[in-house]
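Colleague: Okay, handing you the structure first.
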Amino acid sequence: MQTRIPLLAALCCLSCDPGDATPGAGSSDTAAGDTDPSKASFPLALAEPPPPPDRDLSPDPWLVLPRYCGNGVVEPGEQCDLASLNDDHGACTTACLLPACGDGFLQPGEECDAGPANTDDGGYESCTHACSHGAAYCGDHHVDADEGEECDHGPLGSDACTVFCKLDGLLAFVSSAKYDGEEVGGLVLADHHCKYLAAEAGLPRATNFMAWISSASLGAADRLAHVDVPYYRLDGELVAADWDDLVDGALAASISINEHGEPTVDSVWTNTDSSGASASVLDCNAWTLNGLNIVALHGKAGASGEQWTLVGDVASCSDKKRLYCLEQPQNGG
């Protein structure tokens, strides 16, 4: 038992830190005011210095999603956001607002919607604040001769009476949808876009619509019927008395009403001159490609002079533009 004492004493000595010993009275190590941290028996916890006044504490903008209507996130000021499914005639408008009577867009359950022009005065072709037709309108099955109606076979018209209550005539509209050069998809698919939009809007004879558009090798005049009946907009305004009037360089009224009967003033893909001929080789590779460095010619929906079909400059095929859609006769003309 006694032989273990020297070993234990040695271990105790090795585990002791000489600096831990309390210095005796009068030792220089305990001189008043000595604050040297190297002589402390434990590490000091230093406080983090405050940031400099000009330090930017805002979040990194690259880490914050941008706020805009169409990103699929309902943000302050928005009532809805369905991203690419936003549609002025659907469940959420392109302004990220819920559809409502008075917003100017015709939506399910509404007979009409003139936006701020909605009125309860009962005038011809008026639309009430409840988005229903006024006292008299084209489509009410009553011929209002004083208002220029020649016939009235109801809201969809018939082969004998057009939707604008004329005995003969064809519809012309500018598309509500926009397409880049690749999305146009060629002349045949451009025609399909017109047929689809007409059908979605409930227009009669929707399958008879074709696009006023040309490729480098095929002009609109070679594709569309040269008719001897008038073209009208959906609001009843005369566009041209016949084909010859359509291609004489000036329209009676611009084709600036879409398939829903709404004003739509914007650029339109055409590559077509005022005679209906192909205007150039600038056609987004026959309307199959987009890209900043690929260009094509276009027109302006709000114009009634030659610029309605050709404004005289080019646009990138990556831009999204509308289409002109012209109804063709039942017999093909």
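Simple scheme: letters A, B, ... for chains in structure tokens order, numbers from 1 for residues in each chain, numbers from 1 for ligands in the order shown.
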For Ser84 in chain A, list every protein, DNA or RNA residue within 12 Å, evaluated using only C-alpha atoms, and leave out those in the same chain fewer than 3 positions away; present the list as a list in words.

Modeller: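 In the requested form, the answer reads Cys69, Gly70, Asn71, Gly72, Val73, Asp81, Asp87, Asp88, Gly90, Cys92, Thr93, Thr94 and Cys96 of chain A.
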
Colleague: Need to verify the contact set: Leu171 in chain A, 6 Å, only C-alpha atoms, exclusion of same-chain residues closer than 4 positions in sequence. Can you return it as a VMD selection string?

Modeller: chain A and resid 231 to 233 327

Colleague: Next, the residues of the selection above should be written as a PDB file, in the first residue's frame with all heavy atoms.

Modeller:
ATOM      1  N   TYR A 231     -66.220  42.605 -96.227  1.00  0.00           N
ATOM      2  CA  TYR A 231     -65.619  42.140 -94.975  1.00  0.00           C
ATOM      3  C   TYR A 231     -66.051  43.098 -93.879  1.00  0.00           C
ATOM      4  O   TYR A 231     -65.984  44.322 -94.037  1.00  0.00           O
ATOM      5  CB  TYR A 231     -64.087  42.157 -95.061  1.00  0.00           C
ATOM      6  CG  TYR A 231     -63.489  41.180 -96.036  1.00  0.00           C
ATOM      7  CD1 TYR A 231     -63.164  41.591 -97.324  1.00  0.00           C
ATOM      8  CD2 TYR A 231     -63.220  39.860 -95.664  1.00  0.00           C
ATOM      9  CE1 TYR A 231     -62.578  40.709 -98.226  1.00  0.00           C
ATOM     10  CE2 TYR A 231     -62.644  38.983 -96.558  1.00  0.00           C
ATOM     11  CZ  TYR A 231     -62.333  39.411 -97.834  1.00  0.00           C
ATOM     12  OH  TYR A 231     -61.762  38.536 -98.729  1.00  0.00           O
ATOM     13  N   TYR A 232     -66.483  42.530 -92.747  1.00  0.00           N
ATOM     14  CA  TYR A 232     -66.900  43.336 -91.610  1.00  0.00           C
ATOM     15  C   TYR A 232     -66.105  42.941 -90.367  1.00  0.00           C
ATOM     16  O   TYR A 232     -65.642  41.806 -90.242  1.00  0.00           O
ATOM     17  CB  TYR A 232     -68.395  43.140 -91.301  1.00  0.00           C
ATOM     18  CG  TYR A 232     -69.339  43.680 -92.331  1.00  0.00           C
ATOM     19  CD1 TYR A 232     -69.821  42.868 -93.360  1.00  0.00           C
ATOM     20  CD2 TYR A 232     -69.785  44.999 -92.275  1.00  0.00           C
ATOM     21  CE1 TYR A 232     -70.708  43.351 -94.305  1.00  0.00           C
ATOM     22  CE2 TYR A 232     -70.681  45.493 -93.221  1.00  0.00           C
ATOM     23  CZ  TYR A 232     -71.137  44.667 -94.222  1.00  0.00           C
ATOM     24  OH  TYR A 232     -72.014  45.156 -95.169  1.00  0.00           O
ATOM     25  N   ARG A 233     -65.999  43.884 -89.438  1.00  0.00           N
ATOM     26  CA  ARG A 233     -65.498  43.561 -88.098  1.00  0.00           C
ATOM     27  C   ARG A 233     -66.664  43.049 -87.263  1.00  0.00           C
ATOM     28  O   ARG A 233     -67.828  43.182 -87.642  1.00  0.00           O
ATOM     29  CB  ARG A 233     -64.901  44.809 -87.433  1.00  0.00           C
ATOM     30  CG  ARG A 233     -63.801  45.449 -88.203  1.00  0.00           C
ATOM     31  CD  ARG A 233     -63.075  46.546 -87.449  1.00  0.00           C
ATOM     32  NE  ARG A 233     -63.909  47.494 -86.726  1.00  0.00           N
ATOM     33  CZ  ARG A 233     -63.510  48.701 -86.330  1.00  0.00           C
ATOM     34  NH1 ARG A 233     -62.269  49.096 -86.586  1.00  0.00           N
ATOM     35  NH2 ARG A 233     -64.311  49.501 -85.663  1.00  0.00           N
ATOM     36  N   GLU A 327     -62.465  35.456 -92.783  1.00  0.00           N
ATOM     37  CA  GLU A 327     -63.377  34.366 -93.101  1.00  0.00           C
ATOM     38  C   GLU A 327     -63.408  34.133 -94.604  1.00  0.00           C
ATOM     39  O   GLU A 327     -63.372  35.073 -95.406  1.00  0.00           O
ATOM     40  CB  GLU A 327     -64.789  34.710 -92.607  1.00  0.00           C
ATOM     41  CG  GLU A 327     -65.796  33.607 -92.796  1.00  0.00           C
ATOM     42  CD  GLU A 327     -67.199  33.982 -92.362  1.00  0.00           C
ATOM     43  OE1 GLU A 327     -67.391  35.125 -91.908  1.00  0.00           O
ATOM     44  OE2 GLU A 327     -68.110  33.135 -92.493  1.00  0.00           O
TER      45      GLU A 327
END

Colleague: Please identify the strand (DSSP E or B) residues within range 152-197 of chain A (assignment by DSSP from backbone atoms) and present them as a VMD selection string.

Modeller: chain A and resid 170 to 174 179

Colleague: Which of these, A:Ser175, A:Thr207, A:Gln330, A:Thr309, has the shortest distance to Asp273 in chain A once you count only C-alpha atoms?

Modeller: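 Closest residue, counting only C-alpha atoms: A:Thr309.
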